[in-house]
Structures are given as structure tokens and as C-alpha cells.
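Enquirer: What follows is query.cif, mmCIF, C-alpha atoms and all ligand atoms.
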```
data_work
#
loop_
_atom_site.label_atom_id
_atom_site.label_comp_id
_atom_site.auth_asym_id
_atom_site.auth_seq_id
_atom_site.Cartn_x
_atom_site.Cartn_y
_atom_site.Cartn_z
CA MET A 252 -72.56 61.85 -94.05
CA THR A 253 -70.70 63.00 -90.91
CA GLU A 254 -72.05 62.31 -87.43
CA PRO A 255 -74.49 65.14 -86.61
CA LEU A 256 -73.63 67.46 -83.72
CA LEU A 257 -77.09 66.89 -82.23
CA ARG A 258 -79.37 63.93 -82.83
CA LEU A 259 -82.78 63.21 -81.38
CA SER A 260 -84.31 59.84 -82.09
CA GLY A 261 -87.92 58.79 -81.42
CA ILE A 262 -88.48 61.46 -78.76
CA THR A 263 -91.88 61.21 -77.07
CA LYS A 264 -93.04 63.49 -74.25
CA SER A 265 -96.46 64.19 -72.73
CA PHE A 266 -97.68 66.43 -69.94
CA GLY A 267 -100.85 64.57 -68.89
CA LYS A 268 -103.05 64.56 -71.98
CA VAL A 269 -100.89 67.11 -73.82
CA THR A 270 -98.37 65.42 -76.13
CA VAL A 271 -95.52 67.81 -77.00
CA ALA A 272 -93.34 65.30 -78.86
CA ASP A 273 -94.61 62.21 -80.64
CA ASP A 274 -91.82 59.92 -81.90
CA LEU A 275 -89.89 62.96 -83.07
CA SER A 276 -86.49 62.58 -84.75
CA LEU A 277 -84.18 65.42 -85.74
CA SER A 278 -80.50 65.97 -86.56
CA VAL A 279 -78.43 69.15 -86.58
CA GLN A 280 -74.98 69.23 -88.20
CA ALA A 281 -71.99 71.04 -86.65
CA GLY A 282 -72.07 74.72 -87.61
CA GLU A 283 -75.59 74.50 -89.05
CA ALA A 284 -78.19 77.25 -88.43
CA LEU A 285 -81.67 75.76 -88.03
CA GLY A 286 -84.85 77.77 -87.49
CA ILE A 287 -87.90 76.32 -85.72
CA VAL A 288 -91.41 77.64 -86.26
CA GLY A 289 -94.76 76.24 -85.20
CA PRO A 290 -98.04 77.22 -83.57
CA ASN A 291 -98.21 78.32 -79.93
CA GLY A 292 -98.03 75.29 -77.66
CA ALA A 293 -96.56 73.05 -80.39
CA GLY A 294 -93.81 71.94 -78.03
CA LYS A 295 -90.92 74.03 -79.33
CA SER A 296 -89.63 75.15 -75.92
CA SER A 297 -90.24 71.65 -74.54
CA LEU A 298 -87.99 70.33 -77.30
CA PHE A 299 -85.25 72.73 -76.13
CA GLY A 300 -85.85 71.47 -72.59
CA MET A 301 -85.16 67.91 -73.71
CA ILE A 302 -81.98 69.02 -75.50
CA SER A 303 -80.68 71.14 -72.60
CA GLY A 304 -81.67 68.60 -69.94
CA ASP A 305 -84.38 70.66 -68.20
CA LEU A 306 -86.90 67.99 -69.28
CA ARG A 307 -86.61 64.21 -69.64
CA PRO A 308 -88.33 62.58 -72.63
CA ASP A 309 -90.74 59.73 -71.80
CA ARG A 310 -89.17 57.75 -74.63
CA GLY A 311 -86.43 58.24 -77.19
CA LYS A 312 -82.77 59.24 -77.09
CA VAL A 313 -80.64 62.38 -77.43
CA TRP A 314 -77.02 62.40 -78.65
CA PHE A 315 -74.62 65.32 -78.68
CA ALA A 316 -71.19 65.24 -80.33
CA GLY A 317 -71.41 61.48 -80.71
CA ARG A 318 -72.32 60.74 -77.06
CA GLU A 319 -75.69 59.78 -75.70
CA ILE A 320 -76.87 62.44 -73.22
CA THR A 321 -80.50 61.35 -72.69
CA GLY A 322 -80.00 60.96 -68.93
CA ALA A 323 -77.33 63.65 -68.45
CA PRO A 324 -78.17 66.58 -66.14
CA PRO A 325 -78.31 70.16 -67.53
CA HIS A 326 -74.90 71.21 -66.14
CA ALA A 327 -73.20 68.24 -67.86
CA ARG A 328 -74.84 69.20 -71.17
CA THR A 329 -73.69 72.79 -70.73
CA ARG A 330 -70.12 71.58 -70.16
CA ALA A 331 -70.47 69.35 -73.24
CA GLY A 332 -71.23 72.45 -75.35
CA ILE A 333 -74.97 73.08 -75.35
CA GLY A 334 -75.84 76.71 -74.50
CA ARG A 335 -79.41 77.96 -74.33
CA THR A 336 -81.44 81.09 -73.76
CA TYR A 337 -84.85 81.17 -72.06
CA GLN A 338 -87.96 82.99 -73.27
CA VAL A 339 -88.10 84.90 -70.01
CA PRO A 340 -84.56 86.11 -69.20
CA ARG A 341 -83.67 85.68 -65.54
CA PRO A 342 -80.23 87.23 -65.08
CA PHE A 343 -78.80 87.83 -61.60
CA SER A 344 -80.27 91.33 -61.47
CA HIS A 345 -78.04 92.59 -58.62
CA LEU A 346 -74.87 91.53 -60.49
CA THR A 347 -73.37 93.61 -63.30
CA VAL A 348 -73.59 92.57 -66.95
CA PHE A 349 -69.92 91.53 -66.81
CA GLU A 350 -70.41 89.50 -63.62
CA ASN A 351 -73.41 87.70 -65.11
CA VAL A 352 -71.35 86.53 -68.09
CA LEU A 353 -68.32 85.78 -65.90
CA VAL A 354 -70.41 83.40 -63.76
CA CYS A 355 -71.50 81.53 -66.91
CA GLY A 356 -67.88 81.17 -68.07
CA HIS A 357 -66.89 79.95 -64.64
CA GLN A 358 -69.76 77.53 -64.01
CA GLY A 359 -70.67 76.59 -67.58
CA ALA A 360 -67.30 76.48 -69.33
CA GLY A 361 -65.01 75.71 -66.38
CA LEU A 362 -62.90 78.83 -66.97
CA ALA A 363 -60.98 80.54 -64.16
CA GLY A 364 -58.85 83.61 -63.51
CA ARG A 365 -57.65 85.76 -66.41
CA GLN A 366 -59.01 83.29 -68.95
CA ALA A 367 -62.52 83.69 -67.52
CA TRP A 368 -62.22 87.50 -67.52
CA ALA A 369 -60.90 87.62 -71.10
CA HIS A 370 -63.65 85.28 -72.29
CA ALA A 371 -66.37 87.35 -70.59
CA MET A 372 -65.05 90.57 -72.17
CA ASP A 373 -64.85 88.89 -75.58
CA VAL A 374 -68.49 87.75 -75.27
CA LEU A 375 -69.58 91.28 -74.27
CA ASP A 376 -67.77 92.70 -77.33
CA ARG A 377 -69.42 90.17 -79.66
CA THR A 378 -72.90 90.85 -78.28
CA GLY A 379 -72.56 94.64 -78.23
CA LEU A 380 -72.70 94.87 -74.43
CA ALA A 381 -69.14 96.00 -73.64
CA ALA A 382 -70.21 99.59 -72.82
CA LEU A 383 -72.70 98.21 -70.27
CA ALA A 384 -70.22 95.86 -68.57
CA ASN A 385 -70.56 97.61 -65.18
CA THR A 386 -74.32 98.16 -65.31
CA PRO A 387 -76.41 96.04 -62.94
CA ALA A 388 -78.48 93.60 -65.02
CA GLY A 389 -81.65 94.78 -63.26
CA ARG A 390 -81.34 98.17 -65.01
CA LEU A 391 -81.24 96.92 -68.60
CA THR A 392 -83.80 97.66 -71.31
CA LEU A 393 -85.60 94.77 -73.07
CA LEU A 394 -83.11 94.65 -75.99
CA GLN A 395 -80.21 94.80 -73.56
CA ARG A 396 -81.75 92.00 -71.46
CA LYS A 397 -82.17 89.89 -74.61
CA ARG A 398 -78.55 90.55 -75.51
CA LEU A 399 -77.49 89.59 -72.01
CA GLU A 400 -79.48 86.36 -72.28
CA LEU A 401 -77.55 85.62 -75.48
CA ALA A 402 -74.26 86.67 -73.81
CA ARG A 403 -74.92 84.40 -70.83
CA ALA A 404 -75.47 81.45 -73.17
CA LEU A 405 -72.30 82.33 -75.10
CA GLY A 406 -70.49 82.69 -71.80
CA THR A 407 -70.73 78.91 -71.41
CA ALA A 408 -68.60 78.57 -74.60
CA PRO A 409 -71.14 76.45 -76.50
CA ARG A 410 -70.72 74.54 -79.75
CA LEU A 411 -74.48 74.65 -80.19
CA LEU A 412 -76.54 77.69 -79.24
CA LEU A 413 -80.28 77.25 -78.60
CA LEU A 414 -82.17 80.56 -78.95
CA ASP A 415 -85.75 80.66 -77.65
CA GLU A 416 -87.69 83.62 -79.07
CA VAL A 417 -84.92 86.18 -78.52
CA ALA A 418 -86.52 88.59 -81.05
CA GLY A 419 -89.95 88.68 -79.38
CA GLY A 420 -91.02 92.15 -78.26
CA LEU A 421 -88.20 93.99 -80.04
CA THR A 422 -88.64 96.87 -82.51
CA GLU A 423 -87.71 96.29 -86.18
CA PRO A 424 -84.29 98.04 -85.91
CA GLU A 425 -83.60 96.03 -82.74
CA VAL A 426 -84.52 92.77 -84.53
CA HIS A 427 -82.13 93.78 -87.32
CA GLU A 428 -79.30 94.32 -84.78
CA LEU A 429 -80.01 90.94 -83.21
CA VAL A 430 -79.99 89.21 -86.61
CA GLU A 431 -76.56 90.74 -87.28
CA VAL A 432 -75.18 89.44 -83.99
CA VAL A 433 -76.55 85.90 -84.49
CA SER A 434 -75.46 85.81 -88.15
CA ARG A 435 -71.93 86.79 -87.14
CA LEU A 436 -71.80 84.04 -84.50
CA HIS A 437 -72.99 81.52 -87.05
CA ALA A 438 -70.42 82.75 -89.60
CA GLU A 439 -67.75 82.12 -86.95
CA GLY A 440 -68.78 78.45 -86.96
CA LEU A 441 -71.25 78.22 -84.07
CA GLY A 442 -74.19 75.86 -84.53
CA VAL A 443 -77.49 77.68 -83.94
CA VAL A 444 -81.02 76.38 -83.38
CA TRP A 445 -83.44 79.31 -83.18
CA ILE A 446 -87.12 79.12 -82.19
CA GLU A 447 -88.80 82.31 -83.35
CA HIS A 448 -92.20 83.75 -84.24
CA VAL A 449 -90.50 86.75 -85.92
CA VAL A 450 -90.16 84.68 -89.07
CA HIS A 451 -88.25 87.21 -91.19
CA ALA A 452 -85.46 87.23 -88.56
CA LEU A 453 -85.12 83.49 -89.09
CA VAL A 454 -85.25 83.75 -92.87
CA SER A 455 -82.36 86.27 -92.71
CA THR A 456 -80.24 84.00 -90.55
CA VAL A 457 -80.84 80.27 -91.01
CA GLY A 458 -80.15 77.93 -93.92
CA ARG A 459 -82.73 75.35 -92.85
CA MET A 460 -86.09 75.55 -91.15
CA ILE A 461 -88.47 73.06 -89.58
CA CYS A 462 -92.09 73.48 -88.59
CA LEU A 463 -93.26 71.63 -85.48
CA ALA A 464 -96.93 70.79 -84.97
CA GLY A 465 -98.78 67.96 -83.29
CA GLY A 466 -95.60 66.78 -81.60
CA ASP A 467 -93.66 66.15 -84.81
CA VAL A 468 -91.77 67.80 -87.67
CA VAL A 469 -94.32 68.62 -90.40
CA ALA A 470 -91.87 70.33 -92.78
CA ASP A 471 -88.08 70.46 -93.03
CA GLY A 472 -85.89 72.22 -95.58
CA GLU A 473 -84.94 75.54 -97.14
CA PRO A 474 -86.79 78.31 -95.19
CA MET A 475 -88.86 79.81 -98.03
CA ARG A 476 -89.89 76.34 -99.19
CA VAL A 477 -90.99 75.41 -95.66
CA LEU A 478 -92.98 78.63 -95.34
CA ALA A 479 -94.64 77.98 -98.69
CA ASP A 480 -95.58 74.39 -97.72
CA PRO A 481 -99.40 74.09 -97.65
CA LYS A 482 -99.28 72.15 -94.34
CA VAL A 483 -97.23 74.90 -92.69
CA ARG A 484 -99.52 77.58 -94.08
CA GLU A 485 -102.55 75.82 -92.67
CA LEU A 486 -101.11 74.77 -89.29
CA TYR A 487 -98.91 77.75 -88.47
CA LEU A 488 -99.45 80.77 -90.66
CA GLY A 489 -103.24 80.25 -90.70
CA ALA A 490 -103.15 81.52 -94.26
CA GLY A 491 -104.99 80.68 -97.43
CA PRO A 492 -103.03 79.99 -100.62
CA GLU A 493 -103.23 83.63 -101.73
CA THR A 494 -101.26 85.16 -98.82
CA SER A 495 -97.51 85.73 -98.67
CA ALA A 496 -95.33 82.76 -97.69
CA ALA A 497 -92.98 84.95 -95.68
CA GLU A 498 -95.79 86.37 -93.55
CA GLU A 499 -95.17 86.54 -89.79
CA GLY A 500 -96.46 83.80 -87.54
CA PRO A 501 -98.88 84.28 -84.62
N1 LIG B 1 -93.72 71.68 -67.29
C1 LIG B 1 -94.90 71.57 -67.88
N2 LIG B 1 -95.95 71.01 -67.25
C2 LIG B 1 -97.16 70.87 -67.87
N3 LIG B 1 -97.43 71.30 -69.12
C3 LIG B 1 -96.42 71.88 -69.78
C4 LIG B 1 -95.12 72.05 -69.21
N4 LIG B 1 -94.31 72.67 -70.13
C5 LIG B 1 -95.08 72.87 -71.22
N5 LIG B 1 -96.33 72.40 -71.02
C6 LIG B 1 -97.43 72.43 -72.00
O1 LIG B 1 -96.94 71.82 -73.17
C7 LIG B 1 -97.40 72.50 -74.33
C8 LIG B 1 -96.25 72.93 -75.18
O2 LIG B 1 -95.56 73.98 -74.51
P1 LIG B 1 -94.24 74.64 -75.13
O3 LIG B 1 -93.89 75.82 -74.26
O4 LIG B 1 -93.21 73.61 -75.34
O5 LIG B 1 -94.79 75.15 -76.54
P2 LIG B 1 -94.16 76.19 -77.57
O6 LIG B 1 -94.31 75.58 -78.92
O7 LIG B 1 -92.80 76.59 -77.14
O8 LIG B 1 -95.18 77.41 -77.44
P3 LIG B 1 -94.96 79.01 -77.67
O9 LIG B 1 -94.77 79.23 -79.13
O10 LIG B 1 -96.26 79.57 -77.18
O11 LIG B 1 -93.79 79.42 -76.82
C9 LIG B 1 -98.28 73.65 -73.82
O12 LIG B 1 -99.62 73.21 -73.85
C10 LIG B 1 -97.80 73.85 -72.40
O13 LIG B 1 -98.81 74.36 -71.58
#
```
As a first step, turn the structure in this file into C-alpha cells.
Ligand SMILES: Nc1ncnc2c1ncn2[C@@H]1O[C@H](COP(=O)(O)OP(=O)(O)OP(=O)(O)O)[C@@H](O)[C@H]1O
Expert:
Amino acid sequence: MTEPLLRLSGITKSFGKVTVADDLSLSVQAGEALGIVGPNGAGKSSLFGMISGDLRPDRGKVWFAGREITGAPPHARTRAGIGRTYQVPRPFSHLTVFENVLVCGHQGAGLAGRQAWAHAMDVLDRTGLAALANTPAGRLTLLQRKRLELARALGTAPRLLLLDEVAGGLTEPEVHELVEVVSRLHAEGLGVVWIEHVVHALVSTVGRMICLAGGDVVADGEPMRVLADPKVRELYLGAGPETSAAEEGP
């Protein structure tokens, strides 16, 4: 077995009496696409925080590309190749779409000059935002803002892309467009970890799924098997045995 791209070992994290990770261990291989489901408040975004460096675990260790990064600050993790989106996009609204992505290439990937410009344009092409390059970010629609959030993460030239509920609030055709973009990125070799309540978007994109609940992984494997797992149905889907396994989460 090759060294995983990302490895979390014995991660424990509490906010007061709320435990969001309880001796949690997880590995993601290079180029793998992993989906994460789980009830509201299960600690999914907190887990991303501990991978991206926004949060420090109380106990446990995080490795990326063979190096321990448990104590590394967010900007060092970005430079190492971890790119993430946030549930609530906060682009620089007075800057254009192009400038937003350019800043990420500059600060996150250490690119400069023509290289930075070419990279930003390439990212806009791949995320379907090229026609909006000169539009101020503050004027974008929800789908366009979600795409920009993705583009900003890609702007940092990641090896692993963490997507936090990028499909939430989109219409069905918009979700379909987003799935196409993410699937293409994954096919190009990018590792993807995607937290999502729009479960069918995950099923269309990822090869492996985990369900988080009670601060730990309660199911891990092929997506349809995970969704059919009785524990997942009880804890997340809130469904009895007669309802569809691929039903949307809360
Ligand atoms: N910085 C913080 N300070 C205190 N409590 C926090 C903090 N961040 C998260 N929490 C709490 O930790 C729990 C898990 O939150 P988190 O956002 O990680 O869950 P989630 O699984 O991503 O939920 P959702 O599906 O609703 O986005 C929640 O009860 C939340 O209120």
C-alpha cells in the first residue's frame, strides 16, 4: 500500500461539551475522490478545519504527502497542496473574478507574472468562468459564486481539493454542471474530498464515501453500500428499511 496523500490519526476535538471528533482516523490516497455525509453538526466542516489548519485538534496527528502538518499554519498547508472551499463563499467582492483567482495563485501557489496570469485563466476556463473574468465578484449569482469559490481553491494549485457543500442551494441543472466540473478535475488526477448533503451529486462523482456521526466514521466504502448501511440510514437519512438508499440527506 502506498503512503496516503492525507492521513489523520486519532484526531480528537471538542468545543466545550460538544465533541466533533473522537479518536478519528482516516486516509485519502492521491487522486482519490471521497465523499463525506453525516447529520447536521456531525463535525464535517470541523474536520476540514483540522485538515486545512483553521482548527487545531486537541489530540491526534495529521500528515499530508508524507509530512506531519498537525501544527502547520493554514498558509503552509495551502502551499503544501491543500485547497479548500468554505460553505459561505467570501470572495473579495470589489475585485473581478480574474483578480480573485490571481490572488490565490500568487499567495497560495507562489506564482508570479505571466505564469500567475496563465494559471488564473486556465482555472477560469476549467470552472466555466472565463466569460465572467472581468465581472466584480460582488455581482455574481449563487452558482457563479460557488464556481468562484471552487476556482479560488483551484487557484492555489492544490493536490487535494476539499469541497464543503458546494452544491447546496443550487437548482438540479446547476448541480449537474457542478458535478461535471468536479468529475473532470478528478479525472485529471486531482484528489477530492467533498462534504455534501446533495447526496446524488456525490454518488455521481466519488468512488468512496464515509459517513461521520458522533465524532467518528460510522461507515466507509463504496457509496451505494454506505448509503444502504443500516447505521447510516438511522443516523443520517432518518429512514426506515423500506425507503430508498440513495435518498437525499437532511
Ligand atoms: N468554532 C467553534 N466554536 C464552537 N463550536 C463550534 C465551532 N465550530 C463548530 N462548532 C460546533 O461543532 C459542531 C459541529 O459543527 P460542524 O460545522 O463541524 O458540523 P457539520 O457536520 O459540518 O454540520 P453541517 O452539516 O450542518 O454543516 C456544531 O455543534 C457546531 O456548533
Enquirer: As a list in words, please: the residues near Phe349 in chain A (cut-off 7 Å, all atoms listed in the file, same-chain neighbours under 6 positions excluded).
Expert: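 Selected residues are Ala371, Ala384 and Asn385 of chain A.
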Enquirer: Residues of the last selection are to be written out with C-alpha atoms, as a PDB file, in the frame of the given file.
Expert:
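This is the output file result_37.pdb:
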```pdb
ATOM      1  CA  ALA A 371     -66.370  87.350 -70.590  1.00  0.00           C
ATOM      2  CA  ALA A 384     -70.220  95.860 -68.570  1.00  0.00           C
ATOM      3  CA  ASN A 385     -70.560  97.610 -65.180  1.00  0.00           C
TER       4      ASN A 385
END
```
Enquirer: Neighbours of ligand LIG 1 (chain B) at 6 Å or closer, counting only C-alpha atoms and all ligand atoms: which residues, as a tab-separated table (two decimals) with C-alpha atoms, in the frame of the given file?
Expert:
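So the final result, stored in pocket.tsv, reads:
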```
chain	number	residue	atom	x	y	z
A	266	PHE	CA	-97.68	66.43	-69.94
A	271	VAL	CA	-95.52	67.81	-77.00
A	290	PRO	CA	-98.04	77.22	-83.57
A	291	ASN	CA	-98.21	78.32	-79.93
A	292	GLY	CA	-98.03	75.29	-77.66
A	293	ALA	CA	-96.56	73.05	-80.39
A	294	GLY	CA	-93.81	71.94	-78.03
A	295	LYS	CA	-90.92	74.03	-79.33
A	296	SER	CA	-89.63	75.15	-75.92
A	297	SER	CA	-90.24	71.65	-74.54
```
Enquirer: Would you mind listing what lies within 10 Å of Ser278 in chain A as a PyMOL selection string, with all atoms listed in the file counted and same-chain residues fewer than 2 positions away left out?
Expert: chain A and resi 254-260+276+280-281+285+313-315
Enquirer: Considering all atoms listed in the file, give me a table of residues in range 318-367 of chain A that are at most 10 Å from range 426-445 of chain A, with the closest atom pair and distance in Å for each, as a Markdown table.
Expert:
```
| residue | atom | partner | partner_atom | distance |
| --- | --- | --- | --- | --- |
| A:Ile333 | CA | A:Gly442 | CA | 9.6 |
| A:Gly334 | CA | A:Val443 | CA | 9.6 |
| A:Arg335 | CA | A:Val444 | CA | 9.3 |
| A:Thr336 | CA | A:Trp445 | CA | 9.8 |
```
Enquirer: When you look at His448 in chain A with a cut-off of 12 Å (counting only C-alpha atoms), what residues show up, excluding the ones that are within fewer than 4 positions of it in the same chain? I need them as a list in words.
Expert: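 What passes the distance filter is Gly286, Ile287, Val288, Gly289, Pro290, Asn291, Lys295, Gln338, Leu414, Asp415, Glu416, Val417, Ala418, Gly419, Gly420, Leu421, Val426, Ala452, Leu453, Val454, Cys462, Tyr487, Leu488, Ala497, Glu498, Glu499, Gly500 and Pro501 of chain A.
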Enquirer: So how far away is CA of Asp305 in chain A from CA of Val352 in chain A, in Å?
Expert: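 If I compute the distance from CA of Val352 in chain A to CA of Asp305 in chain A, I get 20.5 Å.
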Enquirer: What gap, in Å, lies between CA of Leu353 in chain A and CA of Ala404 in chain A?
Expert: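 If I compute the distance from CA of Leu353 in chain A to CA of Ala404 in chain A, I get 11.1 Å.
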Enquirer: How many Å lie between CA of Thr407 in chain A and CA of Gly356 in chain A, rounded to one decimal?
Expert: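 About the pair CA of Thr407 in chain A and CA of Gly356 in chain A: they are 4.9 Å apart.
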Enquirer: Please define a box with edges along x, y and z of the file around all atoms of range 425-429 of chain A given in the file, extend it by 5 Å on each side, and return its centre and edge lengths in Å to one decimal, as JSON.
Expert:
```
{"center_x": -81.9, "center_y": 93.5, "center_z": -85.0, "size_x": 15.2, "size_y": 15.1, "size_z": 14.6}
```
Enquirer: Have range 333-344 of chain A completed to N, CA and C atoms, please, and pass it along as a PDB file, keeping the file's coordinate frame.
Expert:
```
ATOM      1  N   ILE A 333     -73.627  72.630 -74.980  1.00  0.00           N
ATOM      2  CA  ILE A 333     -74.970  73.080 -75.350  1.00  0.00           C
ATOM      3  C   ILE A 333     -75.305  74.328 -74.520  1.00  0.00           C
ATOM      4  N   GLY A 334     -75.475  75.453 -75.191  1.00  0.00           N
ATOM      5  CA  GLY A 334     -75.840  76.710 -74.500  1.00  0.00           C
ATOM      6  C   GLY A 334     -77.243  77.099 -74.900  1.00  0.00           C
ATOM      7  N   ARG A 335     -78.038  77.581 -73.936  1.00  0.00           N
ATOM      8  CA  ARG A 335     -79.410  77.960 -74.330  1.00  0.00           C
ATOM      9  C   ARG A 335     -79.833  79.267 -73.682  1.00  0.00           C
ATOM     10  N   THR A 336     -80.775  79.926 -74.344  1.00  0.00           N
ATOM     11  CA  THR A 336     -81.440  81.090 -73.760  1.00  0.00           C
ATOM     12  C   THR A 336     -82.843  80.657 -73.355  1.00  0.00           C
ATOM     13  N   TYR A 337     -83.466  81.441 -72.489  1.00  0.00           N
ATOM     14  CA  TYR A 337     -84.850  81.170 -72.060  1.00  0.00           C
ATOM     15  C   TYR A 337     -85.740  82.319 -72.537  1.00  0.00           C
ATOM     16  N   GLN A 338     -87.008  81.968 -72.800  1.00  0.00           N
ATOM     17  CA  GLN A 338     -87.960  82.990 -73.270  1.00  0.00           C
ATOM     18  C   GLN A 338     -88.057  84.151 -72.304  1.00  0.00           C
ATOM     19  N   VAL A 339     -88.066  83.838 -71.017  1.00  0.00           N
ATOM     20  CA  VAL A 339     -88.100  84.900 -70.010  1.00  0.00           C
ATOM     21  C   VAL A 339     -86.710  84.974 -69.375  1.00  0.00           C
ATOM     22  N   PRO A 340     -85.918  86.021 -69.756  1.00  0.00           N
ATOM     23  CA  PRO A 340     -84.560  86.110 -69.200  1.00  0.00           C
ATOM     24  C   PRO A 340     -84.595  86.288 -67.695  1.00  0.00           C
ATOM     25  N   ARG A 341     -83.766  85.524 -67.002  1.00  0.00           N
ATOM     26  CA  ARG A 341     -83.670  85.680 -65.540  1.00  0.00           C
ATOM     27  C   ARG A 341     -82.215  85.843 -65.146  1.00  0.00           C
ATOM     28  N   PRO A 342     -81.617  87.008 -65.483  1.00  0.00           N
ATOM     29  CA  PRO A 342     -80.230  87.230 -65.080  1.00  0.00           C
ATOM     30  C   PRO A 342     -80.166  87.466 -63.571  1.00  0.00           C
ATOM     31  N   PHE A 343     -78.965  87.427 -63.004  1.00  0.00           N
ATOM     32  CA  PHE A 343     -78.800  87.830 -61.600  1.00  0.00           C
ATOM     33  C   PHE A 343     -78.880  89.362 -61.611  1.00  0.00           C
ATOM     34  N   SER A 344     -80.030  89.906 -61.233  1.00  0.00           N
ATOM     35  CA  SER A 344     -80.270  91.330 -61.470  1.00  0.00           C
ATOM     36  C   SER A 344     -79.392  92.239 -60.618  1.00  0.00           C
TER      37      SER A 344
END
```
